[in-house]
Structures are given as structure tokens and as C-alpha cells.
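> Input entry_35.cif, format and content: mmCIF, C-alpha atoms.
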```
data_target
#
loop_
_atom_site.label_atom_id
_atom_site.label_comp_id
_atom_site.auth_asym_id
_atom_site.auth_seq_id
_atom_site.Cartn_x
_atom_site.Cartn_y
_atom_site.Cartn_z
CA MET Q 1 39.58 -6.24 -6.18
CA GLU Q 2 38.66 -4.59 -2.90
CA PHE Q 3 35.41 -3.28 -1.47
CA ARG Q 4 37.10 0.12 -1.02
CA GLN Q 5 37.83 0.31 -4.76
CA LEU Q 6 34.23 -0.48 -5.65
CA GLU Q 7 32.97 2.14 -3.22
CA TYR Q 8 35.29 4.78 -4.66
CA PHE Q 9 34.36 3.86 -8.24
CA TYR Q 10 30.61 3.91 -7.51
CA THR Q 11 30.82 7.28 -5.76
CA ILE Q 12 32.90 8.92 -8.47
CA SER Q 13 30.47 7.63 -11.11
CA LYS Q 14 27.72 9.62 -9.35
CA LEU Q 15 29.66 12.76 -8.44
CA GLU Q 16 31.85 12.90 -11.58
CA ASN Q 17 34.63 14.58 -9.64
CA PHE Q 18 37.66 13.15 -7.83
CA THR Q 19 37.91 15.98 -5.29
CA ARG Q 20 34.23 15.81 -4.36
CA THR Q 21 34.41 12.02 -4.08
CA ALA Q 22 37.32 12.27 -1.65
CA GLU Q 23 35.42 14.83 0.45
CA VAL Q 24 32.27 12.70 0.64
CA LEU Q 25 34.20 9.57 1.57
CA HIS Q 26 36.48 11.47 3.99
CA VAL Q 27 39.70 10.34 2.34
CA SER Q 28 42.43 12.12 0.43
CA GLN Q 29 42.13 12.68 -3.30
CA PRO Q 30 45.40 10.76 -4.02
CA SER Q 31 43.85 7.76 -2.23
CA VAL Q 32 40.87 7.83 -4.57
CA THR Q 33 43.07 8.25 -7.65
CA LYS Q 34 45.36 5.42 -6.58
CA ALA Q 35 42.44 3.07 -5.86
CA ILE Q 36 40.82 3.72 -9.25
CA LYS Q 37 44.10 3.25 -11.11
CA ALA Q 38 44.71 -0.02 -9.25
CA LEU Q 39 41.22 -1.21 -10.20
CA GLU Q 40 41.77 -0.34 -13.86
CA SER Q 41 45.17 -2.06 -13.81
CA GLU Q 42 43.65 -5.23 -12.37
CA LEU Q 43 40.88 -5.27 -14.97
CA GLN Q 44 43.25 -4.09 -17.72
CA LEU Q 45 40.60 -1.60 -18.80
CA THR Q 46 40.09 2.16 -18.69
CA LEU Q 47 36.95 2.77 -16.64
CA ILE Q 48 37.03 6.56 -16.33
CA ASP Q 49 37.54 9.21 -18.98
CA ARG Q 50 39.63 11.93 -17.30
CA ARG Q 51 39.96 14.26 -20.29
CA GLN Q 52 37.12 16.55 -19.23
CA LYS Q 53 36.48 18.68 -16.15
CA HIS Q 54 33.67 16.38 -15.08
CA VAL Q 55 34.96 12.83 -15.27
CA THR Q 56 32.74 10.39 -17.13
CA LEU Q 57 32.63 6.64 -17.46
CA THR Q 58 33.90 4.89 -20.55
CA GLN Q 59 31.74 2.20 -22.14
CA GLU Q 60 33.74 -0.33 -20.15
CA GLY Q 61 33.15 1.74 -17.03
CA LYS Q 62 29.40 1.81 -17.58
CA ALA Q 63 29.36 -1.96 -17.93
CA PHE Q 64 31.46 -2.40 -14.80
CA LEU Q 65 29.19 -0.02 -12.85
CA LEU Q 66 26.30 -2.48 -13.17
CA HIS Q 67 28.39 -5.16 -11.49
CA ALA Q 68 29.73 -2.79 -8.85
CA GLU Q 69 26.22 -1.68 -7.90
CA LYS Q 70 25.08 -5.29 -7.54
CA ILE Q 71 28.10 -6.22 -5.41
CA LEU Q 72 27.65 -3.20 -3.13
CA ARG Q 73 23.94 -3.92 -2.80
CA ASP Q 74 24.66 -7.56 -1.93
CA ILE Q 75 27.18 -6.48 0.69
CA GLU Q 76 24.66 -4.10 2.27
CA GLU Q 77 22.00 -6.82 2.37
CA THR Q 78 24.51 -9.24 3.86
CA GLN Q 79 25.36 -6.78 6.61
CA GLN Q 80 21.65 -6.24 7.33
CA ASP Q 81 21.04 -9.98 7.46
CA MET Q 82 23.93 -10.60 9.82
CA GLN Q 83 22.54 -8.04 12.25
CA ARG Q 84 19.86 -10.60 13.07
CA PHE Q 85 22.46 -12.69 14.87
CA GLN Q 86 23.98 -9.85 16.89
CA THR Q 87 22.94 -9.72 20.52
CA ASN Q 88 24.37 -6.30 21.33
CA THR Q 89 22.45 -4.29 18.72
CA LYS Q 90 18.81 -3.44 18.11
CA ALA Q 91 18.00 -5.69 15.17
CA THR Q 92 15.67 -4.69 12.35
CA ILE Q 93 13.19 -7.00 10.64
CA TYR Q 94 12.48 -5.99 7.05
CA PHE Q 95 8.87 -6.81 6.28
CA GLY Q 96 7.18 -6.45 2.86
CA ILE Q 97 3.51 -6.18 1.95
CA PRO Q 98 1.40 -5.67 -1.20
CA PRO Q 99 -0.80 -2.54 -1.53
CA MET Q 100 -4.09 -3.64 0.01
CA VAL Q 101 -2.63 -5.23 3.13
CA GLU Q 102 -1.28 -2.24 5.05
CA ALA Q 103 -4.57 -0.40 5.56
CA TYR Q 104 -6.87 -3.36 6.15
CA LEU Q 105 -5.05 -6.47 7.31
CA PHE Q 106 -3.54 -6.55 10.80
CA PRO Q 107 -3.73 -2.82 11.56
CA ASP Q 108 -2.81 -3.58 15.15
CA PHE Q 109 -0.38 -6.43 14.48
CA PHE Q 110 2.65 -4.20 14.22
CA THR Q 111 1.72 -2.25 17.35
CA LYS Q 112 1.27 -5.42 19.38
CA PHE Q 113 4.50 -6.85 18.05
CA LYS Q 114 6.41 -3.72 19.06
CA ILE Q 115 4.86 -3.77 22.53
CA SER Q 116 5.87 -7.40 22.97
CA ASN Q 117 9.29 -6.95 21.37
CA PRO Q 118 10.54 -3.43 22.14
CA GLN Q 119 14.10 -4.51 21.44
CA LEU Q 120 13.31 -5.07 17.75
CA ASN Q 121 12.73 -2.64 14.92
CA LEU Q 122 10.14 -3.53 12.30
CA GLU Q 123 10.65 -1.75 8.98
CA LEU Q 124 7.57 -1.97 6.78
CA ARG Q 125 8.00 -1.75 3.00
CA GLU Q 126 5.11 -1.65 0.52
CA TYR Q 127 5.56 -3.05 -2.97
CA ASN Q 128 3.51 -3.15 -6.16
CA ASP Q 129 2.16 -6.65 -5.73
CA SER Q 130 2.49 -9.98 -3.97
CA SER Q 131 4.74 -11.34 -6.73
CA GLU Q 132 7.27 -8.58 -6.04
CA VAL Q 133 7.10 -9.19 -2.29
CA ARG Q 134 7.74 -12.90 -2.84
CA ARG Q 135 10.64 -12.20 -5.21
CA ARG Q 136 12.33 -9.80 -2.80
CA ALA Q 137 11.90 -12.27 0.04
CA ASP Q 138 13.35 -15.08 -2.11
CA GLU Q 139 16.34 -12.87 -2.92
CA GLY Q 140 16.90 -12.12 0.77
CA GLU Q 141 16.15 -8.41 0.48
CA LEU Q 142 13.23 -8.90 2.88
CA ASP Q 143 13.20 -10.98 6.02
CA PHE Q 144 9.48 -11.69 5.68
CA GLY Q 145 6.59 -10.75 3.45
CA ILE Q 146 2.85 -11.14 3.15
CA VAL Q 147 1.49 -12.36 -0.16
CA LEU Q 148 -1.97 -12.99 -1.62
CA GLY Q 149 -2.56 -15.93 -3.90
CA ASP Q 150 -5.00 -18.57 -5.07
CA ASP Q 151 -3.10 -21.49 -3.57
CA VAL Q 152 -0.98 -22.25 -0.54
CA MET Q 153 2.39 -23.68 -1.45
CA GLN Q 154 3.29 -26.48 0.92
CA ASN Q 155 6.77 -25.13 1.56
CA ALA Q 156 8.73 -24.87 4.78
CA ASN Q 157 9.19 -21.16 4.13
CA GLU Q 158 5.48 -20.34 3.91
CA MET Q 159 2.79 -20.12 6.57
CA LEU Q 160 -0.94 -19.71 5.95
CA ILE Q 161 -2.31 -16.69 7.79
CA MET Q 162 -5.90 -16.77 6.59
CA LYS Q 163 -8.15 -17.44 3.66
CA ASP Q 164 -10.85 -15.05 2.50
CA HIS Q 165 -13.32 -14.46 -0.31
CA MET Q 166 -13.23 -11.97 -3.14
CA SER Q 167 -16.78 -10.62 -3.43
CA LEU Q 168 -18.67 -8.59 -5.99
CA CYS Q 169 -19.10 -4.98 -4.84
CA LEU Q 170 -22.15 -3.07 -6.10
CA TYR Q 171 -23.86 0.21 -5.39
CA PRO Q 172 -27.28 -0.01 -3.68
CA GLY Q 173 -29.97 -0.23 -6.33
CA HIS Q 174 -27.81 -2.04 -8.86
CA PRO Q 175 -29.89 -4.58 -10.87
CA LEU Q 176 -27.87 -7.42 -9.30
CA ALA Q 177 -28.09 -6.07 -5.75
CA ASP Q 178 -31.04 -8.31 -4.83
CA ALA Q 179 -29.61 -11.49 -6.31
CA ASP Q 180 -28.43 -14.27 -4.03
CA ARG Q 181 -25.26 -15.61 -5.61
CA ILE Q 182 -23.96 -14.20 -8.86
CA HIS Q 183 -22.02 -16.09 -11.50
CA ILE Q 184 -19.01 -14.26 -12.91
CA GLY Q 185 -20.45 -14.82 -16.37
CA GLN Q 186 -23.32 -12.48 -15.44
CA LEU Q 187 -20.84 -9.59 -15.30
CA LYS Q 188 -20.06 -9.67 -19.00
CA ASN Q 189 -21.73 -6.32 -19.71
CA GLU Q 190 -20.61 -4.56 -16.53
CA LYS Q 191 -17.97 -1.86 -16.24
CA PHE Q 192 -15.11 -2.82 -13.92
CA ILE Q 193 -13.09 -0.61 -11.59
CA MET Q 194 -9.83 -2.32 -10.75
CA GLN Q 195 -6.45 -1.93 -9.10
CA GLN Q 196 -3.40 -1.56 -11.32
CA PRO Q 197 -2.77 -4.34 -13.91
CA TYR Q 198 0.21 -5.79 -12.03
CA THR Q 199 -1.78 -6.47 -8.83
CA TYR Q 200 -3.20 -9.78 -7.65
CA GLN Q 201 -6.74 -8.35 -7.75
CA TYR Q 202 -6.50 -7.27 -11.39
CA ARG Q 203 -4.79 -10.43 -12.62
CA SER Q 204 -7.05 -12.86 -10.78
CA VAL Q 205 -10.30 -11.10 -11.75
CA PHE Q 206 -9.18 -10.77 -15.37
CA GLU Q 207 -8.27 -14.47 -15.49
CA ARG Q 208 -11.64 -15.60 -14.12
CA CYS Q 209 -13.54 -13.40 -16.54
CA GLU Q 210 -11.59 -14.80 -19.47
CA GLN Q 211 -12.36 -18.32 -18.25
CA GLN Q 212 -16.04 -17.41 -18.65
CA GLY Q 213 -15.46 -16.31 -22.23
CA PHE Q 214 -15.27 -12.53 -21.93
CA THR Q 215 -12.77 -9.75 -21.34
CA PRO Q 216 -13.78 -7.39 -18.52
CA ASP Q 217 -14.56 -3.83 -19.56
CA VAL Q 218 -12.14 -1.97 -17.30
CA VAL Q 219 -13.11 1.71 -17.23
CA LEU Q 220 -10.60 2.76 -14.60
CA CYS Q 221 -7.62 1.46 -12.66
CA ALA Q 222 -6.90 3.09 -9.30
CA THR Q 223 -4.08 2.65 -6.83
CA GLN Q 224 -6.16 3.48 -3.75
CA LEU Q 225 -8.82 1.05 -2.55
CA LYS Q 226 -10.77 3.93 -1.02
CA THR Q 227 -11.02 5.44 -4.48
CA ILE Q 228 -12.30 2.18 -5.96
CA LYS Q 229 -14.98 1.85 -3.29
CA GLN Q 230 -16.03 5.47 -3.67
CA LEU Q 231 -16.40 5.05 -7.43
CA VAL Q 232 -18.58 1.98 -6.86
CA GLU Q 233 -20.74 4.02 -4.47
CA ASN Q 234 -20.96 6.72 -7.15
CA LYS Q 235 -22.38 4.17 -9.63
CA MET Q 236 -19.37 4.40 -11.93
CA GLY Q 237 -18.98 0.63 -12.09
CA ILE Q 238 -18.52 -2.57 -10.13
CA SER Q 239 -15.49 -4.10 -8.49
CA ILE Q 240 -14.40 -7.40 -6.96
CA LEU Q 241 -12.55 -6.95 -3.69
CA PRO Q 242 -11.49 -9.03 -0.67
CA ASP Q 243 -14.04 -9.22 2.12
CA PHE Q 244 -11.51 -7.87 4.63
CA VAL Q 245 -11.41 -4.67 2.57
CA THR Q 246 -15.17 -4.11 2.48
CA ARG Q 247 -16.53 -5.80 5.62
CA ASN Q 248 -17.19 -2.47 7.40
CA ASP Q 249 -18.52 -0.53 4.40
CA LYS Q 250 -22.24 0.27 4.73
CA ASN Q 251 -22.65 1.98 1.36
CA ILE Q 252 -21.58 -0.99 -0.74
CA VAL Q 253 -23.61 -4.13 -1.46
CA ARG Q 254 -21.39 -7.20 -1.24
CA LYS Q 255 -22.40 -10.36 -3.08
CA GLN Q 256 -20.92 -13.84 -3.16
CA LEU Q 257 -19.74 -15.13 -6.50
CA ARG Q 258 -20.19 -18.49 -8.17
CA PRO Q 259 -17.96 -20.39 -8.25
CA PRO Q 260 -16.59 -19.13 -4.90
CA PHE Q 261 -13.65 -16.79 -5.35
CA ILE Q 262 -11.32 -17.83 -2.52
CA PHE Q 263 -7.77 -16.62 -1.98
CA HIS Q 264 -5.11 -17.13 0.65
CA VAL Q 265 -2.92 -14.76 2.63
CA CYS Q 266 0.46 -16.19 3.59
CA LEU Q 267 3.63 -15.21 5.41
CA VAL Q 268 6.70 -16.06 3.32
CA TRP Q 269 10.47 -15.89 3.67
CA CYS Q 270 13.52 -17.01 1.70
CA SER Q 271 13.72 -20.78 1.24
CA ASP Q 272 17.47 -20.65 1.94
CA LYS Q 273 17.04 -18.48 5.02
CA ASN Q 274 18.62 -19.79 8.20
CA LEU Q 275 16.17 -18.51 10.80
CA SER Q 276 17.79 -16.69 13.69
CA ASP Q 277 16.28 -16.51 17.16
CA ILE Q 278 14.80 -13.13 16.16
CA ASP Q 279 13.23 -14.63 13.04
CA ARG Q 280 11.73 -17.49 15.00
CA ALA Q 281 10.36 -15.03 17.55
CA PHE Q 282 8.65 -13.14 14.74
CA VAL Q 283 7.15 -16.30 13.20
CA ASN Q 284 5.96 -17.51 16.61
CA PHE Q 285 4.37 -14.13 17.34
CA MET Q 286 2.55 -14.22 14.01
CA ARG Q 287 1.34 -17.75 14.72
CA GLN Q 288 0.04 -16.72 18.15
CA TYR Q 289 -1.56 -13.57 16.77
CA ILE Q 290 -3.62 -15.34 14.09
CA SER Q 291 -4.80 -17.93 16.62
CA THR Q 292 -6.39 -15.33 18.92
CA ARG Q 293 -10.16 -15.01 19.18
CA GLU Q 294 -9.91 -11.35 18.22
CA PHE Q 295 -8.24 -12.15 14.91
CA LYS Q 296 -10.63 -14.97 14.10
CA GLU Q 297 -13.65 -12.80 14.81
CA ASN Q 298 -12.32 -9.90 12.74
CA PHE Q 299 -11.49 -12.15 9.79
CA ARG Q 300 -13.97 -14.95 10.28
CA GLN Q 301 -14.70 -17.07 7.23
CA ARG Q 302 -18.14 -17.61 5.86
#
```
With the file now loaded, output its structure as C-alpha cells.

Amino acid sequence: MEFRQLEYFYTISKLENFTRTAEVLHVSQPSVTKAIKALESELQLTLIDRRQKHVTLTQEGKAFLLHAEKILRDIEETQQDMQRFQTNTKATIYFGIPPMVEAYLFPDFFTKFKISNPQLNLELREYNDSSEVRRRADEGELDFGIVLGDDVMQNANEMLIMKDHMSLCLYPGHPLADADRIHIGQLKNEKFIMQQPYTYQYRSVFERCEQQGFTPDVVLCATQLKTIKQLVENKMGISILPDFVTRNDKNIVRKQLRPPFIFHVCLVWCSDKNLSDIDRAFVNFMRQYISTREFKENFRQR
């Protein structure tokens, strides 16, 4: 089985036409036909139904397509990973983040990194939640990722960036706005505005409420943090958000919770990853960045 055969098979499964496949791949149609027949002969299966004008996959072909897609994806990721070790090309670092990080955490990190490392590309990818970022990093699809979590795993492939508090966010004039510290149990009758159910914010808040014996009354889930904060200002409900998200908001009352709601922000990468010089440069830059006075003042802990 050859990479060329998989590429031809994958392309023809999408285009459903031998002639068009040959044109797209810049080869002759007989070459495509020969490669597919050789693949079918090796597998001793018929993968393509040629009886109609638009070729279709047989049941065996559909099953094989799943494997072909995975192999081609793995090859592409391997090629991307090997670029890190090339000295004659402009390498790209694939960096993943969960939703709330891009707009609020390290807005100038990427700019400063590019200024210090103009020879490197930094491709930023946003995913649904920290768990997805961690999974994609573990699978090698990402070089690095930022994740939010309750604990710091003492692993060689994880570096603590900062810890912060999740605080109760209220509109001015809310009955709890003048309280000092508020116990989560006091929120039993409140209406919650949350991020989507798969996010760290939703899962962690929901878990803590259930630990206090109640299920939060979630009236709305929003994807944008600006929307959540605006709805709190509009007296539509309360929310619990990281301090780094709300520290500059003047129209929201922020209150500490009891017990303290602390979370960690970490840089992660694949445990099996063999760090190249480029990877080590990135980790070292991150370490230097979070040790600066500017960073510590912007994200100072209570």
C-alpha cells in the first residue's frame, strides 16, 4: 500500500469522478485507475462502484475511507512536526487555546514573541474547551496549548503560567453587592448566565453548586464573554468568571467566594514530544514572559 494510492482514493471519494481526480492531482487518468485497481487487488476488495456516471464507494470502500483519512492526517501532522527540526525553512508553532484565553490572557504575548522570533510562525487555534486543547496536544496535533483547570499536574510536559480566582459577578444594586465574602450556597435562588456546557467555566461552577446541594438555574448559555458580562450589567442574572476577564470592568461588582474558587492556567504539550530547539525557545520565552514585572502586575494574585 502506497501513500499515492491513498491520496488517489481519498480524492476520488470526494470528487466521485476519475477524470476530475486526475486533473486535480495533475496526473493522467490511467494512472489513477491503475493505482485504485492495485489497491483493490492488494486488499482483495472492491472499494469503488464504477457502474454509474458518478463513482461511489462500496460499503467496503466507506470503511476503508475512515482508515485512509486517518493515515493521511497522521502523515500531514508528521510532516508539520518534522518542520520543527529543519533549519532552512520558516517553522510554524501550532498553539491551541480555549475560548476565554484569546481576548483576555496575554494579549501582547504573541506580538512580543513574534518581535523576538521573527523567523518563526505562530499559528493560533481556538477550541471549545481546555479538555479539547489538552487532547489535541497529547495527540501531537498541537505543539503547545493553554489549559484551565483546578489542579496542576506535576508532569514534565506541563508548566504553570498563573493561578487566578473565579469570582461572583453581580450588577450594582444586587442584594449581595454589599456583602463581603459570599458562600456558593447563597446562590441557590439566583439565575446563572454561563458559557457553553462543555467549557471549564460551566463544568466547574456546576460541580461546586451541586456540592452545596443545589443545581444552578441556568437561564442562558453564551459563547461570548462580552455577552455574559453585558447580561449581568442588564440585571438578567449573575455569573462566575475569572478575575482576569473582569478586572477592568467598572459596571460589574466582583465578589470573592467562599470557599475560594481558585484555578490554574498551564502551558501543556505532548508527553511523548521530543522538544526541538524551536520548542525549547518557545518554552523559555513563555517562562521569561510570565516572570516579568508587567505580567505579574497585570495578573497579580490577591
> Do you know which residues the PyMOL selection byres ((chain Q and resi 168-173) around 12) returns on this file, as a PDB file with C-alpha atoms, in the coordinates of the input?

```pdb
ATOM      1  CA  HIS Q 165     -13.320 -14.460  -0.310  1.00  0.00           C
ATOM      2  CA  MET Q 166     -13.230 -11.970  -3.140  1.00  0.00           C
ATOM      3  CA  SER Q 167     -16.780 -10.620  -3.430  1.00  0.00           C
ATOM      4  CA  HIS Q 174     -27.810  -2.040  -8.860  1.00  0.00           C
ATOM      5  CA  PRO Q 175     -29.890  -4.580 -10.870  1.00  0.00           C
ATOM      6  CA  LEU Q 176     -27.870  -7.420  -9.300  1.00  0.00           C
ATOM      7  CA  ALA Q 177     -28.090  -6.070  -5.750  1.00  0.00           C
ATOM      8  CA  ASP Q 178     -31.040  -8.310  -4.830  1.00  0.00           C
ATOM      9  CA  ALA Q 179     -29.610 -11.490  -6.310  1.00  0.00           C
ATOM     10  CA  ASP Q 180     -28.430 -14.270  -4.030  1.00  0.00           C
ATOM     11  CA  ARG Q 181     -25.260 -15.610  -5.610  1.00  0.00           C
ATOM     12  CA  ILE Q 182     -23.960 -14.200  -8.860  1.00  0.00           C
ATOM     13  CA  HIS Q 183     -22.020 -16.090 -11.500  1.00  0.00           C
ATOM     14  CA  ILE Q 184     -19.010 -14.260 -12.910  1.00  0.00           C
ATOM     15  CA  GLN Q 186     -23.320 -12.480 -15.440  1.00  0.00           C
ATOM     16  CA  LEU Q 187     -20.840  -9.590 -15.300  1.00  0.00           C
ATOM     17  CA  GLU Q 190     -20.610  -4.560 -16.530  1.00  0.00           C
ATOM     18  CA  LYS Q 191     -17.970  -1.860 -16.240  1.00  0.00           C
ATOM     19  CA  PHE Q 192     -15.110  -2.820 -13.920  1.00  0.00           C
ATOM     20  CA  ILE Q 193     -13.090  -0.610 -11.590  1.00  0.00           C
ATOM     21  CA  MET Q 194      -9.830  -2.320 -10.750  1.00  0.00           C
ATOM     22  CA  VAL Q 205     -10.300 -11.100 -11.750  1.00  0.00           C
ATOM     23  CA  ILE Q 228     -12.300   2.180  -5.960  1.00  0.00           C
ATOM     24  CA  LYS Q 229     -14.980   1.850  -3.290  1.00  0.00           C
ATOM     25  CA  GLN Q 230     -16.030   5.470  -3.670  1.00  0.00           C
ATOM     26  CA  LEU Q 231     -16.400   5.050  -7.430  1.00  0.00           C
ATOM     27  CA  VAL Q 232     -18.580   1.980  -6.860  1.00  0.00           C
ATOM     28  CA  GLU Q 233     -20.740   4.020  -4.470  1.00  0.00           C
ATOM     29  CA  ASN Q 234     -20.960   6.720  -7.150  1.00  0.00           C
ATOM     30  CA  LYS Q 235     -22.380   4.170  -9.630  1.00  0.00           C
ATOM     31  CA  MET Q 236     -19.370   4.400 -11.930  1.00  0.00           C
ATOM     32  CA  GLY Q 237     -18.980   0.630 -12.090  1.00  0.00           C
ATOM     33  CA  ILE Q 238     -18.520  -2.570 -10.130  1.00  0.00           C
ATOM     34  CA  SER Q 239     -15.490  -4.100  -8.490  1.00  0.00           C
ATOM     35  CA  ILE Q 240     -14.400  -7.400  -6.960  1.00  0.00           C
ATOM     36  CA  LEU Q 241     -12.550  -6.950  -3.690  1.00  0.00           C
ATOM     37  CA  PRO Q 242     -11.490  -9.030  -0.670  1.00  0.00           C
ATOM     38  CA  ASP Q 243     -14.040  -9.220   2.120  1.00  0.00           C
ATOM     39  CA  VAL Q 245     -11.410  -4.670   2.570  1.00  0.00           C
ATOM     40  CA  THR Q 246     -15.170  -4.110   2.480  1.00  0.00           C
ATOM     41  CA  ARG Q 247     -16.530  -5.800   5.620  1.00  0.00           C
ATOM     42  CA  ASP Q 249     -18.520  -0.530   4.400  1.00  0.00           C
ATOM     43  CA  LYS Q 250     -22.240   0.270   4.730  1.00  0.00           C
ATOM     44  CA  ASN Q 251     -22.650   1.980   1.360  1.00  0.00           C
ATOM     45  CA  ILE Q 252     -21.580  -0.990  -0.740  1.00  0.00           C
ATOM     46  CA  VAL Q 253     -23.610  -4.130  -1.460  1.00  0.00           C
ATOM     47  CA  ARG Q 254     -21.390  -7.200  -1.240  1.00  0.00           C
ATOM     48  CA  LYS Q 255     -22.400 -10.360  -3.080  1.00  0.00           C
ATOM     49  CA  GLN Q 256     -20.920 -13.840  -3.160  1.00  0.00           C
ATOM     50  CA  LEU Q 257     -19.740 -15.130  -6.500  1.00  0.00           C
ATOM     51  CA  ARG Q 258     -20.190 -18.490  -8.170  1.00  0.00           C
ATOM     52  CA  PRO Q 260     -16.590 -19.130  -4.900  1.00  0.00           C
ATOM     53  CA  PHE Q 261     -13.650 -16.790  -5.350  1.00  0.00           C
TER      54      PHE Q 261
END
```
> Tell me, in Å to one decimal, how far atom CA of Q:Ala68 is from atom CA of Q:Leu43.
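Between atom CA of Q:Ala68 and atom CA of Q:Leu43 the gap works out to 13.0 Å.
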> Can you work out the spacing between atom CA of Q:Ser291 and atom CA of Q:Cys270 in Å, to one decimal?
23.6 Å
> For this file, the PyMOL selection byres ((chain Q and resi 149) around 10) selects which residues, as a ChimeraX atom specification?
/Q:130-131,147-148,150-153,163,200-201,204,262-266
> Could you list the residues chosen by the PyMOL selection byres ((chain Q and resi 216) around 8) in this structure as a list in words?
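Here the PyMOL selection byres ((chain Q and resi 216) around 8) matches Lys188, Glu190, Lys191, Phe192, Phe206, Cys209, Glu210, Phe214, Thr215, Asp217 and Val218 of chain Q.
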> Quick one, how far is atom CA of Q:Glu76 from atom CA of Q:Glu141?
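So the answer is 9.7 Å.
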> Select, from Q:Ser41, Q:Asp129, Q:Leu160, Q:Gly213, the residue with the minimum atom-to-atom distance to Q:Gln195, counting all atoms listed in the file.
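Distance minimum relative to Q:Gln195 lands on Q:Asp129.
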> Which is closer to Q:Phe282 than all the others in Q:Met162, Q:Phe110, Q:Pro197, Q:Gln224, using only C-alpha atoms?
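For Q:Phe282, the nearest of the candidates is Q:Phe110.
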> For the point (4.7, 0.0, -1.6) in the file's frame, write as a ChimeraX atom specification all residues with an atom no more than 12 Å away, counting only C-alpha atoms.
/Q:95-103,124-130,132-133,199,223-224
> Edge lengths and centre in Å to one decimal, as AutoDock Vina command-line options, of the axis-aligned box that encloses all listed atoms of stretch 36-49 of chain Q with 3 Å added on every side?

```
--center_x 41.1 --center_y 2.0 --center_z -14.1 --size_x 14.2 --size_y 20.5 --size_z 15.7
```
